[in-house]
Amino acid sequence: VSAIALYFAVYAGVSAFLLFFSLPTAGLFDEKIEAIKSLQELTQSISHFMERDKLTALITQRALQVTKSDFAWLELYEEDQPALELVSAVNLTEEEKATIPLSTQSGISGWVIQNRKSLLANDTHEDPRLQRLSEWKKDVGALLAVPLISREQIFGILYSAKRDYFSYDQFDEDMLQSYADQAAIAFENARLLNVSLEKERLAQELRVAHEAQEKLLPKAMPEVPGIEVAGISIAAQEVGGDYYDVFKLGEKLAVVVGDVSGKGTAAAFYMAQVKGVMEALGRIHESPREVLIQANQILARSLEKNLFISLIYAVFDPLEMRMTLSRAGHNPLLWYPHDEEPTLLQPRGLGIGLDRGALFGATLEEVTLPLSPGDFFVFYTDGVVEARNSRNKEYEEQTLLEVVRQQKHAGADAIKESILQSLRAHVGAQCAHDDFTLVVVGVAKHALQMKA
């Protein structure tokens with residue numbers, strides 16, 4: 001702030017010097033001294049205001065005082081907007097505020113924006129550029145309009161107006177322009193500060209969401225005799241949309257992998273919902289299909305209309321040596337039987353939230369497979385198979401199958417690490433464009449002995 005104040009002081013000093021020595025007659029000396037004092041007061045006070053409302057009110061009020069005008073108002077400009085925004089006004093009625101011309105393409109505002117310079121009109125009713133303005137406010141005889149420009153960017157237009165005709169001179173225009181130049185710098189500083197504060201707020205929000213998301217993922221894999229599990233989830237951003245969970249259901253093991261179509265804090269919120277709903281329903285219903293049907297009914301009520309959640313839910317039973325699976329619009333499950341080639345399991349099913357009626361249940365399939373020692377399964381999200389390299393080539397399921405085929409006798413953790421290594425080699429230095437999640441479940445060699 002001190003650096004900003006010093007800059008303002010130097011700028012004001014130079015402006016004051018130039019204005020002072022442009023005096024046409026000695027009779028204007030007192031008026032000029034008073035105006036310069038007002039400019040210096042603005043320099044001192046403006047650096048303390050970083051809130052837009054307070055800053056605009058101060059600028060408008062001082063513009064009225066500096067030019068000894070009857071009216072003053074300030075309009076802010078956004079390059080991609082068709083109209084300016086009236087943010088502060090002195091001595092305008094509520095009706096005048098509501099009906100003021102604000103077009104960026106026509107009238108006095110359009111002229112100032114297009115020419116990027118001030119306008120002095122001592123007879124508003126004779127200047128064709130001011131036709132709409134004179135129709136809007138008939139009691140204005142003379143008007144000044146100066147642009148607020150900083151770093152080649154227009155932030156707005158500052159107006160002052162008087163009832164009397166021919167009541168402004170070049171000194172008034174120069175004074176108001178110097179005033180507007182400093183106001184523009186103040187706006188730029190306030191904007192940069194607000195952007196910085198907003199970035200910090202969002203960063204803090206994302207940090208909190210990231211911490212919450214980390215807590216949703218399993219800290220350690222549950223131990224179920226006859227089953228081994230390894231999992232990992234990596235977000236492309238601070239907070240991603242991928243989710244996985246592994247939890248015990250008595251002697252069984254439940255695995256959930258999902259992908260929320262949104263990102264950021266909303267994704268973390270939905271993930272927390274999914275975790276609670278799936279764990280609760282998993283303890284009530286034995287059937288994965290029934291769990292997903294009930295989950296859809298619950299979660300669809302809170303999902304935004306443009307969002308959905310893909311889920312795959314499987315229950316491993318090492319005592320009965322079987323696995324039961326349902327898939328709600330998620331990626332296939334890679335199954336590698338101990339004595340066969342790896343294959344992709346793709347039972348039908350819609351994503352959570354895509355249908356909120358009977359269609360979801362009518363299309364949802366459930367598959368039951370026998371388990372054998374040495375079998376293993378790879379759950380994954382689309383961030384794995386859609387990962388792109390520098391040539392924009394995707395990783396694809398075929399690559400995943402090849403990597404898995406080479407790990408036929410490896411354990412769950414070794415398979416997970418091999419896939420990660422292959423994925424990183426494929427992507428190289430490219431930044432990940434999507435989150436990716438892997439969960440590998442293996443059937444232990446001694447699983448049949450447990451059943452016996």
# chains A, B, ... in the order shown; residues from 1 in each chain; ligands from 1

$ residues_around --residues "Phe360 in chain A" --least-positions-apart "2" --cutoff "10 Å" --atoms "only C-alpha atoms" --output "PyMOL selection string"
chain A and resi 292-293+296-297+328+349-358+362-364

$ write_last_selection --atoms "C-alpha atoms" --output "compact mmCIF listing (two decimals), in the first residue's frame"
# COMPACT_ATOMS: atom_id res chain seq x y z
CA LEU A 292 -27.38 -49.84 -6.96
CA ILE A 293 -31.12 -49.52 -7.57
CA ASN A 296 -29.91 -44.43 -7.58
CA GLN A 297 -33.19 -43.57 -5.87
CA ALA A 328 -24.06 -48.57 -13.32
CA GLY A 349 -26.50 -50.56 -16.55
CA LEU A 350 -27.12 -46.80 -16.65
CA GLY A 351 -25.15 -44.24 -14.64
CA ILE A 352 -26.56 -43.08 -11.30
CA GLY A 353 -28.83 -40.10 -11.88
CA LEU A 354 -29.34 -40.60 -15.64
CA ASP A 355 -32.78 -42.10 -15.03
CA ARG A 356 -34.86 -41.53 -11.93
CA GLY A 357 -37.63 -44.00 -12.74
CA ALA A 358 -38.13 -47.67 -13.55
CA ALA A 362 -35.04 -52.54 -15.83
CA THR A 363 -31.68 -52.19 -17.62
CA LEU A 364 -29.42 -53.05 -14.68

$ select_by_dssp --residues "range 138-297 of chain A" --states "helix (DSSP H, G or I)" --output "ChimeraX atom specification"
/A:170-216,264-282,288-297

$ write_last_selection --atoms "C-alpha atoms" --output "PDB file, in the first residue's frame"
ATOM      1  CA  GLN A 170      -9.935  23.066 -20.540  1.00  0.00           C
ATOM      2  CA  PHE A 171      -8.635  23.212 -16.990  1.00  0.00           C
ATOM      3  CA  ASP A 172     -11.737  21.379 -15.726  1.00  0.00           C
ATOM      4  CA  GLU A 173     -11.288  18.697 -18.368  1.00  0.00           C
ATOM      5  CA  ASP A 174      -7.576  18.255 -17.558  1.00  0.00           C
ATOM      6  CA  MET A 175      -8.304  18.199 -13.841  1.00  0.00           C
ATOM      7  CA  LEU A 176     -11.033  15.573 -14.141  1.00  0.00           C
ATOM      8  CA  GLN A 177      -8.889  13.461 -16.464  1.00  0.00           C
ATOM      9  CA  SER A 178      -5.982  13.519 -13.965  1.00  0.00           C
ATOM     10  CA  TYR A 179      -8.473  12.561 -11.295  1.00  0.00           C
ATOM     11  CA  ALA A 180      -9.827   9.719 -13.464  1.00  0.00           C
ATOM     12  CA  ASP A 181      -6.320   8.449 -14.232  1.00  0.00           C
ATOM     13  CA  GLN A 182      -5.654   7.973 -10.538  1.00  0.00           C
ATOM     14  CA  ALA A 183      -9.068   6.432 -10.033  1.00  0.00           C
ATOM     15  CA  ALA A 184      -8.286   3.904 -12.763  1.00  0.00           C
ATOM     16  CA  ILE A 185      -5.045   2.943 -11.009  1.00  0.00           C
ATOM     17  CA  ALA A 186      -6.974   2.532  -7.771  1.00  0.00           C
ATOM     18  CA  PHE A 187      -9.512   0.319  -9.548  1.00  0.00           C
ATOM     19  CA  GLU A 188      -6.769  -1.821 -11.032  1.00  0.00           C
ATOM     20  CA  ASN A 189      -5.106  -2.242  -7.642  1.00  0.00           C
ATOM     21  CA  ALA A 190      -8.432  -3.049  -5.990  1.00  0.00           C
ATOM     22  CA  ARG A 191      -9.260  -5.541  -8.743  1.00  0.00           C
ATOM     23  CA  LEU A 192      -5.885  -7.270  -8.440  1.00  0.00           C
ATOM     24  CA  LEU A 193      -6.254  -7.446  -4.681  1.00  0.00           C
ATOM     25  CA  ASN A 194      -9.746  -8.892  -4.959  1.00  0.00           C
ATOM     26  CA  VAL A 195      -8.570 -11.423  -7.556  1.00  0.00           C
ATOM     27  CA  SER A 196      -5.748 -12.424  -5.220  1.00  0.00           C
ATOM     28  CA  LEU A 197      -8.132 -12.765  -2.276  1.00  0.00           C
ATOM     29  CA  GLU A 198     -10.590 -14.779  -4.373  1.00  0.00           C
ATOM     30  CA  LYS A 199      -7.809 -17.098  -5.545  1.00  0.00           C
ATOM     31  CA  GLU A 200      -6.720 -17.590  -1.961  1.00  0.00           C
ATOM     32  CA  ARG A 201     -10.310 -18.272  -0.897  1.00  0.00           C
ATOM     33  CA  LEU A 202     -10.760 -20.831  -3.670  1.00  0.00           C
ATOM     34  CA  ALA A 203      -7.393 -22.403  -2.886  1.00  0.00           C
ATOM     35  CA  GLN A 204      -8.391 -22.737   0.756  1.00  0.00           C
ATOM     36  CA  GLU A 205     -11.741 -24.193  -0.261  1.00  0.00           C
ATOM     37  CA  LEU A 206      -9.997 -26.727  -2.503  1.00  0.00           C
ATOM     38  CA  ARG A 207      -7.530 -27.619   0.241  1.00  0.00           C
ATOM     39  CA  VAL A 208     -10.380 -28.339   2.622  1.00  0.00           C
ATOM     40  CA  ALA A 209     -12.205 -30.368  -0.047  1.00  0.00           C
ATOM     41  CA  HIS A 210      -8.995 -32.258  -0.876  1.00  0.00           C
ATOM     42  CA  GLU A 211      -8.477 -33.144   2.780  1.00  0.00           C
ATOM     43  CA  ALA A 212     -12.092 -34.280   3.012  1.00  0.00           C
ATOM     44  CA  GLN A 213     -11.690 -36.360  -0.146  1.00  0.00           C
ATOM     45  CA  GLU A 214      -8.520 -37.990   1.166  1.00  0.00           C
ATOM     46  CA  LYS A 215     -10.393 -39.019   4.298  1.00  0.00           C
ATOM     47  CA  LEU A 216     -13.061 -40.722   2.185  1.00  0.00           C
ATOM     48  CA  GLY A 264     -13.931 -29.639  -7.352  1.00  0.00           C
ATOM     49  CA  THR A 265     -15.783 -29.243  -4.069  1.00  0.00           C
ATOM     50  CA  ALA A 266     -19.064 -30.515  -5.555  1.00  0.00           C
ATOM     51  CA  ALA A 267     -17.355 -33.816  -6.418  1.00  0.00           C
ATOM     52  CA  ALA A 268     -16.075 -34.180  -2.850  1.00  0.00           C
ATOM     53  CA  PHE A 269     -19.606 -33.587  -1.543  1.00  0.00           C
ATOM     54  CA  TYR A 270     -21.123 -36.243  -3.806  1.00  0.00           C
ATOM     55  CA  MET A 271     -18.328 -38.670  -3.007  1.00  0.00           C
ATOM     56  CA  ALA A 272     -19.132 -38.365   0.698  1.00  0.00           C
ATOM     57  CA  GLN A 273     -22.759 -39.118  -0.111  1.00  0.00           C
ATOM     58  CA  VAL A 274     -21.841 -42.145  -2.226  1.00  0.00           C
ATOM     59  CA  LYS A 275     -19.609 -43.566   0.500  1.00  0.00           C
ATOM     60  CA  GLY A 276     -22.290 -43.315   3.174  1.00  0.00           C
ATOM     61  CA  VAL A 277     -25.077 -44.621   0.938  1.00  0.00           C
ATOM     62  CA  MET A 278     -23.119 -47.586  -0.452  1.00  0.00           C
ATOM     63  CA  GLU A 279     -21.837 -48.758   2.917  1.00  0.00           C
ATOM     64  CA  ALA A 280     -25.297 -48.502   4.471  1.00  0.00           C
ATOM     65  CA  LEU A 281     -27.089 -50.255   1.599  1.00  0.00           C
ATOM     66  CA  GLY A 282     -24.371 -52.907   1.332  1.00  0.00           C
ATOM     67  CA  PRO A 288     -25.269 -55.630  -5.773  1.00  0.00           C
ATOM     68  CA  ARG A 289     -28.055 -54.923  -8.246  1.00  0.00           C
ATOM     69  CA  GLU A 290     -30.491 -54.059  -5.464  1.00  0.00           C
ATOM     70  CA  VAL A 291     -27.868 -51.901  -3.771  1.00  0.00           C
ATOM     71  CA  LEU A 292     -27.375 -49.842  -6.958  1.00  0.00           C
ATOM     72  CA  ILE A 293     -31.124 -49.521  -7.569  1.00  0.00           C
ATOM     73  CA  GLN A 294     -31.623 -48.150  -4.058  1.00  0.00           C
ATOM     74  CA  ALA A 295     -28.521 -45.954  -4.378  1.00  0.00           C
ATOM     75  CA  ASN A 296     -29.915 -44.428  -7.578  1.00  0.00           C
ATOM     76  CA  GLN A 297     -33.187 -43.566  -5.869  1.00  0.00           C
TER      77      GLN A 297
END

$ select_by_dssp --residues "range 232-377 of chain A" --states "strand (DSSP E or B)" --output "PyMOL selection string"
chain A and resi 232-234+242-249+252-260+309-317+322-329+333-336+343-345+352+366-370+376-377

$ write_last_selection --atoms "N, CA and C atoms" --output "compact mmCIF listing (two decimals), in the first residue's frame"
# COMPACT_ATOMS: atom_id res chain seq x y z
N ILE A 232 -5.41 -47.44 -5.55
CA ILE A 232 -4.85 -46.09 -5.59
C ILE A 232 -5.79 -45.19 -6.37
N SER A 233 -5.85 -43.92 -5.96
CA SER A 233 -6.65 -42.92 -6.68
C SER A 233 -5.86 -41.63 -6.72
N ILE A 234 -5.66 -41.08 -7.91
CA ILE A 234 -4.88 -39.86 -8.09
C ILE A 234 -5.73 -38.84 -8.86
N ASP A 242 -13.05 -38.98 -8.96
CA ASP A 242 -12.95 -40.42 -8.78
C ASP A 242 -13.13 -40.81 -7.31
N TYR A 243 -13.56 -42.05 -7.13
CA TYR A 243 -13.82 -42.54 -5.77
C TYR A 243 -13.71 -44.05 -5.75
N TYR A 244 -13.15 -44.58 -4.68
CA TYR A 244 -13.23 -46.03 -4.48
C TYR A 244 -13.34 -46.33 -2.99
N ASP A 245 -13.89 -47.47 -2.69
CA ASP A 245 -14.01 -47.90 -1.30
C ASP A 245 -13.95 -49.42 -1.25
N VAL A 246 -13.40 -49.92 -0.18
CA VAL A 246 -13.31 -51.36 0.06
C VAL A 246 -13.70 -51.59 1.51
N PHE A 247 -14.72 -52.40 1.75
CA PHE A 247 -15.16 -52.63 3.13
C PHE A 247 -15.67 -54.05 3.31
N LYS A 248 -15.62 -54.52 4.56
CA LYS A 248 -16.02 -55.88 4.88
C LYS A 248 -17.53 -55.96 5.09
N LEU A 249 -18.09 -57.08 4.63
CA LEU A 249 -19.48 -57.42 4.91
C LEU A 249 -19.45 -58.82 5.54
N LYS A 252 -17.29 -61.43 3.82
CA LYS A 252 -17.20 -61.03 2.41
C LYS A 252 -16.46 -59.70 2.29
N LEU A 253 -16.09 -59.38 1.05
CA LEU A 253 -15.41 -58.11 0.77
C LEU A 253 -16.18 -57.37 -0.31
N ALA A 254 -16.54 -56.12 -0.03
CA ALA A 254 -17.25 -55.28 -1.01
C ALA A 254 -16.28 -54.27 -1.61
N VAL A 255 -16.36 -54.08 -2.93
CA VAL A 255 -15.51 -53.12 -3.64
C VAL A 255 -16.42 -52.18 -4.44
N VAL A 256 -16.21 -50.88 -4.26
CA VAL A 256 -16.95 -49.86 -4.99
C VAL A 256 -15.95 -48.96 -5.71
N VAL A 257 -16.15 -48.71 -6.98
CA VAL A 257 -15.35 -47.74 -7.73
C VAL A 257 -16.32 -46.85 -8.50
N GLY A 258 -16.09 -45.55 -8.44
CA GLY A 258 -17.01 -44.63 -9.10
C GLY A 258 -16.32 -43.40 -9.66
N ASP A 259 -17.07 -42.66 -10.44
CA ASP A 259 -16.57 -41.44 -11.07
C ASP A 259 -17.71 -40.43 -11.12
N VAL A 260 -17.57 -39.35 -10.36
CA VAL A 260 -18.55 -38.27 -10.39
C VAL A 260 -18.23 -37.39 -11.58
N ILE A 309 -23.27 -40.14 -11.83
CA ILE A 309 -22.18 -40.89 -11.20
C ILE A 309 -22.14 -42.28 -11.82
N SER A 310 -20.97 -42.67 -12.31
CA SER A 310 -20.81 -44.05 -12.76
C SER A 310 -20.27 -44.87 -11.58
N LEU A 311 -20.83 -46.05 -11.40
CA LEU A 311 -20.44 -46.90 -10.27
C LEU A 311 -20.33 -48.35 -10.70
N ILE A 312 -19.40 -49.06 -10.10
CA ILE A 312 -19.33 -50.51 -10.24
C ILE A 312 -19.20 -51.07 -8.82
N TYR A 313 -20.02 -52.07 -8.53
CA TYR A 313 -20.07 -52.61 -7.17
C TYR A 313 -19.99 -54.12 -7.23
N ALA A 314 -19.04 -54.67 -6.50
CA ALA A 314 -18.84 -56.13 -6.50
C ALA A 314 -18.68 -56.64 -5.08
N VAL A 315 -19.19 -57.84 -4.83
CA VAL A 315 -19.05 -58.49 -3.52
C VAL A 315 -18.31 -59.82 -3.73
N PHE A 316 -17.18 -59.98 -3.06
CA PHE A 316 -16.37 -61.20 -3.13
C PHE A 316 -16.66 -62.07 -1.90
N ASP A 317 -16.99 -63.31 -2.16
CA ASP A 317 -17.29 -64.26 -1.08
C ASP A 317 -16.27 -65.41 -1.15
N ARG A 322 -17.22 -67.17 -4.88
CA ARG A 322 -17.95 -66.53 -5.97
C ARG A 322 -17.88 -65.00 -5.82
N MET A 323 -18.08 -64.34 -6.91
CA MET A 323 -18.12 -62.87 -6.95
C MET A 323 -19.38 -62.44 -7.68
N THR A 324 -20.11 -61.47 -7.10
CA THR A 324 -21.33 -60.96 -7.71
C THR A 324 -21.14 -59.48 -8.01
N LEU A 325 -21.56 -59.07 -9.21
CA LEU A 325 -21.22 -57.75 -9.73
C LEU A 325 -22.40 -57.08 -10.40
N SER A 326 -22.52 -55.75 -10.22
CA SER A 326 -23.42 -54.91 -11.02
C SER A 326 -22.68 -53.64 -11.39
N ARG A 327 -23.05 -53.09 -12.54
CA ARG A 327 -22.31 -51.94 -13.10
C ARG A 327 -23.28 -50.87 -13.55
N ALA A 328 -23.18 -49.68 -12.97
CA ALA A 328 -24.06 -48.57 -13.32
C ALA A 328 -23.30 -47.57 -14.19
N GLY A 329 -23.22 -47.90 -15.49
CA GLY A 329 -22.61 -46.99 -16.45
C GLY A 329 -21.12 -46.81 -16.31
N LEU A 333 -15.16 -54.32 -15.99
CA LEU A 333 -14.27 -54.93 -15.01
C LEU A 333 -13.35 -55.91 -15.73
N LEU A 334 -12.05 -55.75 -15.54
CA LEU A 334 -11.10 -56.66 -16.17
C LEU A 334 -10.96 -57.89 -15.27
N TRP A 335 -11.25 -59.06 -15.84
CA TRP A 335 -11.18 -60.33 -15.11
C TRP A 335 -10.13 -61.21 -15.75
N TYR A 336 -9.19 -61.67 -14.94
CA TYR A 336 -8.15 -62.56 -15.45
C TYR A 336 -8.23 -63.88 -14.70
N THR A 343 -10.29 -60.98 -19.73
CA THR A 343 -11.48 -60.54 -20.47
C THR A 343 -12.11 -59.35 -19.75
N LEU A 344 -12.98 -58.64 -20.46
CA LEU A 344 -13.67 -57.49 -19.89
C LEU A 344 -15.13 -57.84 -19.63
N LEU A 345 -15.57 -57.68 -18.39
CA LEU A 345 -16.96 -57.94 -18.01
C LEU A 345 -17.75 -56.64 -18.13
N ILE A 352 -25.71 -43.60 -12.37
CA ILE A 352 -26.56 -43.08 -11.30
C ILE A 352 -27.00 -41.66 -11.65
N GLU A 366 -27.07 -58.10 -13.19
CA GLU A 366 -26.21 -58.61 -12.12
C GLU A 366 -25.54 -59.89 -12.62
N VAL A 367 -24.25 -60.02 -12.40
CA VAL A 367 -23.48 -61.17 -12.87
C VAL A 367 -22.82 -61.84 -11.67
N THR A 368 -22.87 -63.17 -11.64
CA THR A 368 -22.18 -63.96 -10.61
C THR A 368 -21.17 -64.88 -11.27
N LEU A 369 -19.93 -64.84 -10.77
CA LEU A 369 -18.85 -65.66 -11.33
C LEU A 369 -18.25 -66.56 -10.26
N PRO A 370 -17.84 -67.77 -10.64
CA PRO A 370 -17.10 -68.61 -9.70
C PRO A 370 -15.68 -68.09 -9.56
N PHE A 376 -7.65 -62.84 -10.67
CA PHE A 376 -7.64 -61.47 -10.16
C PHE A 376 -8.46 -60.55 -11.06
N PHE A 377 -8.85 -59.43 -10.47
CA PHE A 377 -9.77 -58.48 -11.11
C PHE A 377 -9.18 -57.08 -11.01

$ closest_residue --among "A:Glu79, A:Glu51, A:Asp375, A:Glu394" --to "Gln114 in chain A" --atoms "only C-alpha atoms"
A:Glu79

$ atom_distance --atom1 "CA of Arg116 in chain A" --atom2 "CA of Leu158 in chain A"
12.5 Å
